[in-house]
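Asks: mmCIF, C-alpha atoms, saved as query-v3.cif, coming up:
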```cif
data_final
#
loop_
_atom_site.label_atom_id
_atom_site.label_comp_id
_atom_site.auth_asym_id
_atom_site.auth_seq_id
_atom_site.Cartn_x
_atom_site.Cartn_y
_atom_site.Cartn_z
CA MET R 21 -8.41 31.93 -21.49
CA ASN R 22 -5.88 34.75 -21.95
CA GLU R 23 -6.18 35.66 -18.33
CA GLU R 24 -5.43 32.07 -17.36
CA ARG R 25 -2.29 32.03 -19.43
CA ARG R 26 -0.93 35.14 -17.71
CA VAL R 27 2.32 34.59 -15.90
CA ARG R 28 1.97 34.78 -12.17
CA PRO R 29 5.19 36.07 -10.66
CA TYR R 30 4.43 34.92 -7.12
CA LEU R 31 4.38 31.33 -8.36
CA LEU R 32 7.91 31.79 -9.63
CA ILE R 33 9.05 33.07 -6.24
CA LEU R 34 7.33 30.18 -4.50
CA ALA R 35 8.97 27.69 -6.83
CA VAL R 36 12.41 29.18 -6.25
CA LEU R 37 11.90 28.96 -2.48
CA TRP R 38 10.79 25.38 -2.81
CA GLY R 39 13.69 24.56 -5.05
CA THR R 40 16.26 25.74 -2.53
CA SER R 41 14.71 23.74 0.27
CA GLY R 42 15.16 20.49 -1.67
CA VAL R 43 17.25 18.12 0.40
CA ALA R 44 19.26 15.12 -0.71
CA GLY R 45 17.38 11.82 -0.55
CA ALA R 46 18.73 10.99 2.88
CA ALA R 47 19.42 7.27 3.07
CA ASP R 48 16.94 5.38 5.18
CA PRO R 49 18.50 3.47 8.08
CA LEU R 50 19.31 -0.09 7.09
CA PRO R 51 16.93 -2.71 8.48
CA HIS R 52 18.44 -5.17 10.90
CA GLU R 53 17.14 -8.40 12.36
CA GLU R 54 18.86 -11.07 14.36
CA GLY R 55 20.59 -13.69 12.27
CA ILE R 56 22.96 -16.56 12.79
CA GLU R 57 25.01 -14.53 15.28
CA GLY R 58 22.12 -14.38 17.77
CA LYS R 59 21.07 -17.08 20.22
CA ASP R 60 17.37 -16.72 19.38
CA TYR R 61 17.88 -17.04 15.62
CA VAL R 62 15.33 -19.25 13.93
CA TRP R 63 16.32 -20.19 10.40
CA ASN R 64 13.70 -19.31 7.79
CA GLU R 65 11.25 -17.99 10.36
CA MET R 66 7.89 -17.41 8.71
CA GLN R 67 7.37 -13.71 9.24
CA SER R 68 4.41 -12.00 7.65
CA GLU R 69 5.89 -10.68 4.41
CA LYS R 70 7.53 -14.00 3.54
CA LEU R 71 4.29 -15.86 4.17
CA GLN R 72 2.38 -13.31 2.13
CA ALA R 73 4.70 -13.77 -0.86
CA LEU R 74 4.75 -17.56 -0.52
CA ARG R 75 0.95 -17.71 -0.45
CA ALA R 76 0.44 -15.28 -3.32
CA LYS R 77 -0.06 -16.77 -6.75
CA GLY R 78 2.82 -15.51 -8.85
CA ASP R 79 2.37 -14.46 -12.44
CA PRO R 80 5.45 -14.71 -14.68
CA GLN R 81 4.22 -12.04 -17.08
CA ARG R 82 3.87 -9.49 -14.31
CA GLY R 83 7.12 -10.80 -12.88
CA SER R 84 9.02 -9.94 -16.05
CA ILE R 85 7.85 -6.34 -15.68
CA ALA R 86 8.57 -6.11 -11.95
CA PHE R 87 12.02 -7.56 -12.64
CA GLU R 88 13.01 -4.64 -14.89
CA VAL R 89 14.43 -2.73 -11.96
CA CYS R 90 16.67 -5.74 -11.13
CA GLN R 91 18.00 -6.20 -14.66
CA GLY R 92 20.58 -3.41 -14.47
CA CYS R 93 22.60 -5.68 -12.16
CA HIS R 94 21.32 -9.23 -12.66
CA ARG R 95 21.20 -8.71 -16.43
CA ALA R 96 18.52 -9.54 -18.96
CA GLY R 97 17.42 -13.14 -18.54
CA ALA R 98 18.74 -12.96 -14.94
CA LEU R 99 21.99 -14.56 -16.02
CA GLY R 100 24.15 -12.64 -13.55
CA ARG R 101 27.81 -11.98 -14.18
CA VAL R 102 30.71 -14.34 -14.65
CA ASP R 103 32.84 -12.17 -12.33
CA GLY R 104 30.50 -13.14 -9.49
CA SER R 105 29.53 -9.56 -8.69
CA TYR R 106 25.89 -10.47 -9.27
CA PRO R 107 24.47 -13.99 -9.07
CA ARG R 108 22.54 -15.78 -11.72
CA LEU R 109 18.89 -16.02 -10.69
CA ALA R 110 17.49 -17.79 -13.73
CA GLY R 111 16.08 -21.21 -12.87
CA GLN R 112 16.42 -20.76 -9.11
CA HIS R 113 13.65 -22.23 -6.94
CA ASP R 114 10.86 -19.78 -6.21
CA THR R 115 10.93 -20.54 -2.48
CA VAL R 116 14.63 -19.71 -2.36
CA LEU R 117 14.14 -16.44 -4.25
CA ILE R 118 11.29 -15.41 -1.96
CA LYS R 119 13.30 -16.27 1.15
CA GLN R 120 16.35 -14.34 0.01
CA MET R 121 14.41 -11.28 -1.15
CA THR R 122 12.40 -11.05 2.05
CA ASP R 123 15.48 -11.71 4.19
CA VAL R 124 17.29 -8.83 2.49
CA ARG R 125 14.29 -6.56 3.03
CA ALA R 126 13.98 -7.58 6.66
CA GLY R 127 17.69 -7.05 7.32
CA ARG R 128 18.44 -10.68 8.00
CA ARG R 129 20.75 -10.83 5.01
CA ASP R 130 22.85 -7.69 4.69
CA ASN R 131 22.81 -6.32 1.17
CA PRO R 132 22.92 -2.53 1.15
CA ARG R 133 23.77 -2.58 -2.54
CA MET R 134 20.56 -4.35 -3.49
CA LEU R 135 18.24 -2.93 -0.87
CA PRO R 136 17.22 0.36 -2.57
CA PHE R 137 16.01 -1.60 -5.60
CA ALA R 138 14.25 -4.35 -3.66
CA ASP R 139 12.75 -2.04 -1.08
CA LYS R 140 9.04 -2.08 -0.25
CA HIS R 141 8.60 1.29 -2.00
CA VAL R 142 9.66 -0.41 -5.24
CA ILE R 143 8.59 -4.05 -4.92
CA SER R 144 5.41 -5.31 -3.24
CA PRO R 145 5.00 -8.79 -1.71
CA GLN R 146 2.91 -9.69 -4.77
CA ASP R 147 5.78 -8.48 -6.99
CA ILE R 148 8.12 -10.78 -5.06
CA ALA R 149 5.89 -13.75 -5.85
CA ASP R 150 5.63 -12.67 -9.49
CA ILE R 151 9.37 -12.19 -9.87
CA ALA R 152 10.06 -15.57 -8.23
CA VAL R 153 7.92 -17.55 -10.68
CA TYR R 154 9.25 -15.54 -13.60
CA LEU R 155 12.85 -16.32 -12.64
CA ARG R 156 12.16 -19.96 -11.86
CA GLY R 157 10.95 -20.47 -15.41
CA LEU R 158 13.87 -18.80 -17.20
CA PRO R 159 16.30 -20.95 -19.20
CA VAL R 160 19.69 -21.68 -17.61
CA PRO R 161 22.38 -21.87 -20.30
CA PRO R 162 25.60 -23.76 -19.49
CA ASP R 163 27.81 -20.66 -19.96
CA ASN R 164 28.12 -19.81 -16.27
CA GLY R 165 31.60 -18.98 -14.97
CA LYS R 166 33.67 -22.05 -14.08
CA GLY R 167 36.62 -22.48 -11.74
CA PRO R 168 40.16 -23.44 -12.74
CA GLY R 169 39.34 -27.17 -12.76
CA GLU R 170 41.82 -28.36 -10.14
CA ASP R 171 41.40 -31.20 -7.64
CA LEU R 172 37.92 -32.02 -8.83
CA ASP R 173 38.10 -35.62 -7.54
CA ARG R 174 38.68 -34.45 -3.99
CA ALA R 175 36.01 -31.82 -4.48
CA LYS R 176 33.50 -34.48 -5.54
CA LYS R 177 34.16 -36.44 -2.35
CA LEU R 178 33.69 -33.37 -0.16
CA TYR R 179 30.55 -32.32 -2.01
CA GLU R 180 28.94 -35.74 -1.87
CA ALA R 181 29.78 -36.21 1.79
CA ASP R 182 28.79 -32.76 3.03
CA CYS R 183 26.64 -30.89 0.51
CA ALA R 184 24.65 -33.29 -1.65
CA ASP R 185 22.02 -34.13 1.00
CA CYS R 186 20.64 -30.61 0.81
CA HIS R 187 21.86 -29.18 -2.49
CA GLY R 188 21.31 -32.40 -4.48
CA LYS R 189 23.70 -34.75 -6.19
CA GLN R 190 23.60 -32.64 -9.34
CA GLY R 191 23.27 -29.34 -7.49
CA GLU R 192 19.53 -29.18 -8.04
CA GLY R 193 18.55 -28.06 -4.51
CA ILE R 194 15.17 -28.75 -2.91
CA ASN R 195 12.36 -26.29 -3.56
CA ASP R 196 10.09 -27.43 -0.71
CA LYS R 197 12.89 -26.98 1.81
CA PHE R 198 14.13 -23.60 0.56
CA PHE R 199 17.51 -25.17 -0.29
CA PRO R 200 19.03 -23.36 -3.27
CA ARG R 201 19.94 -24.86 -6.53
CA VAL R 202 23.68 -24.36 -7.14
CA SER R 203 23.94 -25.77 -10.67
CA GLY R 204 24.39 -23.15 -13.36
CA GLN R 205 25.68 -20.60 -10.85
CA HIS R 206 28.84 -18.61 -11.46
CA TYR R 207 31.93 -20.05 -9.78
CA LYS R 208 33.08 -16.74 -8.32
CA TYR R 209 29.70 -16.11 -6.74
CA LEU R 210 29.61 -19.60 -5.22
CA LEU R 211 33.12 -19.01 -3.91
CA HIS R 212 32.59 -15.73 -2.10
CA GLU R 213 29.16 -16.66 -0.77
CA SER R 214 30.47 -19.97 0.62
CA ILE R 215 33.26 -18.11 2.37
CA ALA R 216 30.78 -15.57 3.73
CA ILE R 217 28.59 -18.41 5.00
CA ARG R 218 31.50 -20.20 6.68
CA ASP R 219 32.61 -16.97 8.35
CA GLY R 220 29.12 -16.10 9.62
CA GLU R 221 28.78 -13.04 7.40
CA ARG R 222 25.75 -14.29 5.53
CA ARG R 223 23.50 -14.03 8.53
CA ASN R 224 20.39 -15.77 7.20
CA THR R 225 22.21 -19.04 6.66
CA HIS R 226 21.11 -22.45 7.91
CA PRO R 227 23.13 -23.18 11.08
CA LYS R 228 23.75 -26.70 9.82
CA MET R 229 25.49 -25.34 6.76
CA VAL R 230 27.83 -23.25 8.88
CA ARG R 231 28.64 -26.24 11.11
CA THR R 232 29.25 -28.42 8.08
CA ILE R 233 31.79 -26.19 6.39
CA LYS R 234 33.33 -24.61 9.48
CA GLY R 235 36.44 -26.75 9.07
CA TYR R 236 36.79 -26.03 5.36
CA SER R 237 39.92 -24.17 4.30
CA ASP R 238 39.74 -21.52 1.58
CA ALA R 239 41.28 -24.10 -0.73
CA ASP R 240 38.51 -26.63 0.11
CA ILE R 241 35.83 -24.05 -0.60
CA LYS R 242 37.53 -23.12 -3.84
CA ILE R 243 37.55 -26.64 -5.25
CA VAL R 244 34.01 -27.42 -4.11
CA SER R 245 32.73 -24.17 -5.67
CA ASP R 246 34.53 -25.15 -8.84
CA TYR R 247 32.93 -28.59 -8.72
CA MET R 248 29.45 -27.08 -8.25
CA SER R 249 29.93 -24.67 -11.15
CA ARG R 250 30.40 -27.69 -13.44
CA PHE R 251 27.04 -29.34 -12.85
CA ALA R 252 24.97 -29.47 -15.99
CA PRO R 253 22.32 -26.79 -15.48
CA MET H 24 -35.94 8.18 -4.29
CA THR H 25 -37.96 11.00 -5.79
CA ARG H 26 -37.76 12.17 -9.33
CA ASN H 27 -36.50 15.52 -8.19
CA GLU H 28 -33.51 14.02 -6.37
CA ASN H 29 -32.52 12.15 -9.49
CA GLY H 30 -32.65 15.34 -11.47
CA TRP H 31 -30.29 17.11 -9.10
CA ARG H 32 -27.89 14.20 -9.24
CA CYS H 33 -27.82 14.30 -13.02
CA LEU H 34 -27.15 18.01 -12.96
CA ALA H 35 -24.35 17.63 -10.42
CA ALA H 36 -22.75 14.83 -12.44
CA GLY H 37 -23.01 16.94 -15.56
CA LEU H 38 -21.25 19.85 -13.91
CA LEU H 39 -18.49 17.55 -12.67
CA LEU H 40 -17.98 16.18 -16.16
CA ALA H 41 -17.93 19.66 -17.60
CA GLY H 42 -15.28 20.63 -15.08
CA SER H 43 -13.03 17.74 -15.93
CA THR H 44 -13.31 17.39 -19.66
CA ALA H 45 -15.20 20.08 -21.50
CA TRP H 46 -12.83 22.78 -20.30
CA ALA H 47 -9.68 21.00 -21.41
CA ALA H 48 -8.09 23.16 -24.07
CA ASP H 49 -6.80 21.84 -27.36
CA PRO H 50 -3.35 20.40 -26.55
CA LYS H 51 -1.99 21.57 -29.89
CA GLU H 52 -2.99 25.10 -29.05
CA ILE H 53 -1.38 24.97 -25.60
CA ALA H 54 1.75 23.48 -27.15
CA ALA H 55 1.92 26.24 -29.74
CA THR H 56 1.24 29.12 -27.36
CA VAL H 57 2.73 28.04 -24.03
CA CYS H 58 5.32 25.30 -24.51
CA LEU H 59 6.78 26.24 -27.88
CA ALA H 60 9.14 28.97 -26.71
CA CYS H 61 11.25 26.53 -24.71
CA HIS H 62 10.37 23.05 -25.94
CA GLY H 63 10.33 23.95 -29.61
CA GLU H 64 8.15 23.05 -32.53
CA GLY H 65 6.46 19.70 -31.89
CA GLY H 66 8.50 19.29 -28.73
CA ASN H 67 11.87 19.35 -30.45
CA SER H 68 13.60 21.92 -28.32
CA VAL H 69 16.55 23.67 -29.95
CA VAL H 70 17.95 24.90 -26.64
CA PRO H 71 19.90 22.13 -24.88
CA ASN H 72 18.83 23.25 -21.38
CA PHE H 73 15.25 22.46 -22.26
CA PRO H 74 14.39 18.83 -22.88
CA LYS H 75 13.05 17.45 -26.10
CA LEU H 76 9.58 16.11 -25.46
CA ALA H 77 8.89 14.70 -28.92
CA GLY H 78 8.53 10.93 -28.86
CA GLN H 79 8.66 10.70 -25.06
CA HIS H 80 6.28 8.15 -23.54
CA ALA H 81 2.89 9.64 -22.73
CA SER H 82 2.83 7.94 -19.32
CA TYR H 83 6.03 9.73 -18.32
CA LEU H 84 5.00 13.12 -19.73
CA GLU H 85 1.65 13.02 -18.00
CA LYS H 86 3.22 12.10 -14.67
CA GLN H 87 5.76 14.92 -14.95
CA LEU H 88 3.17 17.52 -15.95
CA ASN H 89 0.90 16.50 -13.10
CA GLU H 90 3.77 16.62 -10.67
CA PHE H 91 4.87 20.07 -11.84
CA LEU H 92 1.30 21.18 -11.16
CA SER H 93 1.16 19.55 -7.74
CA GLY H 94 4.62 20.79 -6.78
CA LYS H 95 6.09 17.34 -6.43
CA ARG H 96 8.55 18.22 -9.19
CA LYS H 97 9.92 21.72 -9.01
CA ASN H 98 11.63 23.67 -11.71
CA GLU H 99 12.33 27.37 -11.94
CA ALA H 100 11.95 27.57 -15.70
CA MET H 101 8.64 25.70 -15.70
CA ALA H 102 7.15 27.61 -12.79
CA PRO H 103 5.84 30.67 -14.67
CA PHE H 104 3.88 28.46 -17.06
CA LEU H 105 2.10 26.30 -14.54
CA SER H 106 -0.84 28.67 -14.44
CA SER H 107 -1.27 28.28 -18.19
CA PHE H 108 -2.56 24.73 -18.13
CA SER H 109 -4.38 22.54 -15.67
CA LYS H 110 -4.70 18.91 -14.71
CA SER H 111 -7.41 18.41 -17.32
CA ASP H 112 -4.88 19.32 -20.04
CA THR H 113 -2.02 17.02 -19.07
CA ALA H 114 -3.23 13.78 -20.66
CA GLY H 115 -3.87 15.54 -23.96
CA LEU H 116 -0.53 17.34 -23.91
CA ALA H 117 1.28 14.11 -23.08
CA ALA H 118 -0.42 12.26 -25.93
CA TYR H 119 0.35 15.12 -28.33
CA TYR H 120 4.09 15.18 -27.59
CA ALA H 121 4.34 11.38 -27.48
CA ALA H 122 3.03 11.28 -31.04
CA GLN H 123 5.67 13.70 -32.41
CA THR H 124 8.89 12.51 -34.02
CA GLN H 125 12.07 13.34 -32.18
CA THR H 126 14.97 14.97 -34.01
CA PRO H 127 18.14 12.92 -33.51
CA GLY H 128 20.71 14.09 -30.96
CA ALA H 129 24.40 14.43 -31.68
CA VAL H 130 27.50 13.15 -29.91
CA ALA H 131 30.08 15.90 -29.46
CA ASP H 132 32.80 13.79 -27.85
CA PRO H 133 32.97 10.23 -29.24
CA LYS H 134 35.57 9.09 -26.70
CA LEU H 135 33.42 10.22 -23.81
CA ALA H 136 30.39 8.53 -25.41
CA GLU H 137 32.35 5.29 -25.63
CA ALA H 138 33.04 5.42 -21.89
CA GLY H 139 29.35 6.18 -21.38
CA LYS H 140 28.30 3.16 -23.40
CA LYS H 141 30.19 0.94 -20.98
CA ILE H 142 28.29 2.34 -18.00
CA TYR H 143 25.01 2.40 -19.88
CA GLU H 144 25.28 -1.28 -20.76
CA ASP H 145 27.35 -2.71 -17.90
CA GLY H 146 27.02 -0.32 -14.98
CA ASN H 147 29.86 -0.20 -12.48
CA THR H 148 30.20 -3.39 -10.48
CA GLU H 149 32.72 -1.77 -8.10
CA SER H 150 30.42 0.97 -6.92
CA GLY H 151 27.12 -0.84 -7.55
CA VAL H 152 25.83 1.38 -10.34
CA PRO H 153 23.33 -0.72 -12.27
CA ALA H 154 23.41 -0.69 -16.05
CA CYS H 155 21.05 2.04 -17.27
CA MET H 156 19.67 -0.22 -19.95
CA GLY H 157 18.13 -2.53 -17.34
CA CYS H 158 15.25 -0.09 -16.97
CA HIS H 159 15.67 2.39 -19.84
CA GLN H 160 16.11 -0.40 -22.42
CA PRO H 161 19.09 -1.23 -24.66
CA LYS H 162 18.67 1.72 -27.02
CA GLY H 163 17.36 4.21 -24.48
CA GLU H 164 13.88 3.84 -25.87
CA GLY H 165 12.26 3.41 -22.44
CA ASN H 166 8.76 2.00 -22.05
CA ASP H 167 5.49 2.74 -20.25
CA ARG H 168 7.29 2.56 -16.92
CA TYR H 169 10.65 4.20 -17.63
CA PRO H 170 11.24 7.33 -19.70
CA ARG H 171 12.88 7.43 -23.09
CA LEU H 172 16.41 8.86 -22.88
CA ALA H 173 17.63 8.39 -26.46
CA GLY H 174 18.55 11.53 -28.38
CA GLN H 175 18.16 13.86 -25.42
CA TYR H 176 20.48 16.82 -24.96
CA GLN H 177 23.57 16.05 -22.87
CA VAL H 178 23.12 19.16 -20.72
CA TYR H 179 19.58 18.24 -19.78
CA THR H 180 20.33 14.58 -18.99
CA LEU H 181 23.32 15.57 -16.91
CA GLN H 182 21.31 18.17 -15.00
CA GLN H 183 18.62 15.62 -14.14
CA MET H 184 21.16 13.08 -12.88
CA THR H 185 22.87 15.78 -10.84
CA ASP H 186 19.53 16.81 -9.37
CA PHE H 187 18.63 13.22 -8.52
CA LYS H 188 22.00 12.82 -6.85
CA SER H 189 21.57 15.95 -4.72
CA GLY H 190 17.90 15.20 -4.08
CA VAL H 191 16.72 18.46 -5.68
CA ARG H 192 14.70 16.24 -7.98
CA ASN H 193 12.89 13.67 -5.90
CA ASN H 194 9.84 12.55 -7.83
CA ASP H 195 11.31 9.20 -8.89
CA LYS H 196 9.27 6.15 -7.99
CA GLY H 197 10.62 4.42 -4.90
CA LYS H 198 13.77 6.62 -4.88
CA VAL H 199 15.27 4.26 -7.45
CA MET H 200 16.88 6.89 -9.66
CA ARG H 201 18.22 8.75 -6.62
CA ALA H 202 19.82 5.51 -5.39
CA VAL H 203 21.48 5.06 -8.79
CA ALA H 204 22.66 8.68 -9.12
CA GLU H 205 24.08 8.70 -5.60
CA ARG H 206 26.50 5.98 -6.69
CA MET H 207 27.62 7.72 -9.86
CA THR H 208 30.60 10.03 -10.21
CA GLU H 209 30.41 13.34 -12.06
CA GLN H 210 32.54 11.84 -14.84
CA GLU H 211 30.28 8.82 -15.18
CA MET H 212 27.24 11.08 -15.45
CA GLN H 213 28.89 13.16 -18.14
CA ALA H 214 29.90 10.07 -20.09
CA VAL H 215 26.46 8.49 -19.90
CA SER H 216 24.78 11.75 -20.96
CA GLU H 217 27.10 11.94 -23.96
CA TYR H 218 26.31 8.37 -24.98
CA ILE H 219 22.56 8.82 -24.53
CA ALA H 220 22.57 11.85 -26.86
CA GLY H 221 23.69 9.61 -29.71
CA LEU H 222 21.13 6.85 -29.14
CA GLN H 223 18.25 6.64 -31.58
#
```
How does this structure look as structure tokens?
Replies:
Amino acid sequence: MNEERRVRPYLLILAVLWGTSGVAGAADPLPHEEGIEGKDYVWNEMQSEKLQALRAKGDPQRGSIAFEVCQGCHRAGALGRVDGSYPRLAGQHDTVLIKQMTDVRAGRRDNPRMLPFADKHVISPQDIADIAVYLRGLPVPPDNGKGPGEDLDRAKKLYEADCADCHGKQGEGINDKFFPRVSGQHYKYLLHESIAIRDGERRNTHPKMVRTIKGYSDADIKIVSDYMSRFAP
Amino acid sequence: MTRNENGWRCLAAGLLLAGSTAWAADPKEIAATVCLACHGEGGNSVVPNFPKLAGQHASYLEKQLNEFLSGKRKNEAMAPFLSSFSKSDTAGLAAYYAAQTQTPGAVADPKLAEAGKKIYEDGNTESGVPACMGCHQPKGEGNDRYPRLAGQYQVYTLQQMTDFKSGVRNNDKGKVMRAVAERMTEQEMQAVSEYIAGLQ
């Protein structure tokens, strides 16, 4: 036993050599797949990982554990932030969550900020399914960030003419069609995402959505985002 | 199958078992003879460079010990002692230190700690630093999956974050902690380390 406990100097030398060869965790190249900008873009194409997650049976208990790594930004209870820096995920449709997570991982929605935490080394396709059902079941309190409350009558007309078919009259979305729920979401998040969609920067968007709001001014988007933020969650 | 073959199999299995369990030394004895000098009595180090181990989650301690042994985590100060225990000792050592009570840490600079609290609880939305508490829990208590941070020496916490940022330490699951540290400034790391020292 005593012999085993003897210090072995060569191990120290080895360790020092190893230590100096340590290199910074070089960032992996960002994934990239064709999106709305390409002529071959197919919205919501069923690639393998998305299918895998959609077919897996999600478990909310496991999901709450897998979601820990997301909480630092999306907050406990997945309530997001009023300043719009991180969206509320609580109560979102599971299909939508799976689509967005797999699109980010595939590089069809650019999100370098989120990617290291949603990467395949951290989250498995089963985890995605688990997280999605966990989030879907979370309560959505009515304290989401609201807009300034201007021009809501005109906003209602725009919303009901252009948005309600897909996102629902009360902003409830359609789970089967992967159309997100917008009720309960923070105004500032709705605002900058809608602008990004109009301008083609959110590359995994439905082409119909881009066509629909192409003619919207910033002011139009502002009032409609405000209107959406006021749906009862 | 003959009787003889069975006999040999039993003997082989017995030897394997002996190799993995019977030779594991008493963790208390290893702690008192090998670890004590740096990590202190019951894992309450009194030298800030060396981490307190008392009250740390066993899952984390066992992973670290195994990774020191395998070379996945490298540390100059630990290196000379790696011949003094083996893989069969790590679970026992981890359980021993997890069961000890940690001595509270102390905040030296309350203003810095206040700035650290903000990052710990809110992160930095400008640079994309997540709130530490998302994984490490609101009071730094950690859980089976993420280490306890509360009450740890500032110097040690800061050194680990610095090493994650530079990549010198790279045994974090899925590179998550490296991704976080890469986004943090030196000042933010100092502030968070200060705040963590005062958590209980």
Asks: Kindly provide the residues of chain H that approach chain R to within 8 Å, each paired with its closest atom pair and their distance in Å to one decimal, based on all atoms listed in the file, listed by chain and increasing number, as CSV.
Replies:
```
residue,atom,partner,partner_atom,distance
H:Val57,CA,R:Arg25,CA,7.9
H:Lys97,CA,R:Gly39,CA,6.2
H:Asn98,CA,R:Ala35,CA,6.9
H:Glu99,CA,R:Val36,CA,6.0
H:Ala102,CA,R:Leu32,CA,5.3
H:Pro103,CA,R:Val27,CA,5.4
H:Phe104,CA,R:Val27,CA,6.4
H:Ser106,CA,R:Arg25,CA,6.2
H:Ser107,CA,R:Arg25,CA,4.1
H:Phe108,CA,R:Arg25,CA,7.4
H:Asp145,CA,R:Gly92,CA,7.6
H:Gly146,CA,R:Gly92,CA,7.2
H:Thr148,CA,R:Ser105,CA,6.5
H:Gly151,CA,R:Arg133,CA,6.3
H:Val152,CA,R:Cys93,CA,8.0
H:Pro153,CA,R:Gly92,CA,4.4
H:Ala154,CA,R:Gly92,CA,4.2
H:Cys155,CA,R:Gly92,CA,6.1
H:Met156,CA,R:Gly92,CA,6.4
H:Gly157,CA,R:Gly92,CA,3.9
H:Cys158,CA,R:Glu88,CA,5.5
H:Lys188,CA,R:Ala44,CA,7.1
H:Ser189,CA,R:Ala44,CA,4.7
H:Gly190,CA,R:Ala44,CA,3.6
H:Val191,CA,R:Gly42,CA,4.8
H:Arg192,CA,R:Gly42,CA,7.6
H:Asn193,CA,R:Gly45,CA,7.2
H:Lys196,CA,R:Val142,CA,7.1
H:Gly197,CA,R:His141,CA,4.7
H:Lys198,CA,R:Pro136,CA,7.5
H:Val199,CA,R:Phe137,CA,6.2
H:Arg201,CA,R:Gly45,CA,6.9
H:Ala202,CA,R:Pro136,CA,6.4
```
Asks: I would like the residues chosen by the PyMOL selection byres ((chain R and resi 236-252) around 6) on the shown file; could you give them as a PyMOL selection string?
Replies: chain R and resi 166-167+175+190+203+205+207+210-211+233-235+253
Asks: For Asp219 of chain R, which of R:Glu57, R:Thr115, R:Cys183, R:Gly188 is the closest residue, counting all atoms listed in the file?
Replies: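 With all atoms listed in the file as the atom set, the closest residue is R:Glu57.
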Asks: So, with all atoms listed in the file as the atoms that count, which of H:Leu172, H:Leu88, H:Leu76, H:Ala60 lies closest to Tyr143 of chain H?
Replies: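 Answer, going by the shortest atom-to-atom distance: H:Leu172.
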Asks: Atom CA of Phe199 of chain R and atom CA of Glu149 of chain H are how many Å apart?
Replies: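 Computing the Euclidean distance for atom CA of Phe199 of chain R and atom CA of Glu149 of chain H yields 29.0 Å.
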Asks: What residues come out when you apply the PyMOL selection byres ((chain H and resi 185) around 10) to this file, written as a ChimeraX atom specification?
Replies: /H:179-184,186-192,201,204-205,207-209,212-213
Asks: Return as a list in words the set of residues that the PyMOL selection byres ((chain H and resi 71) around 7) yields on the displayed structure.
Replies: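 Selected by the PyMOL selection byres ((chain H and resi 71) around 7) in this file: Val69, Val70, Asn72, Phe73, Pro74, Tyr176, Val178 and Tyr179 of chain H.
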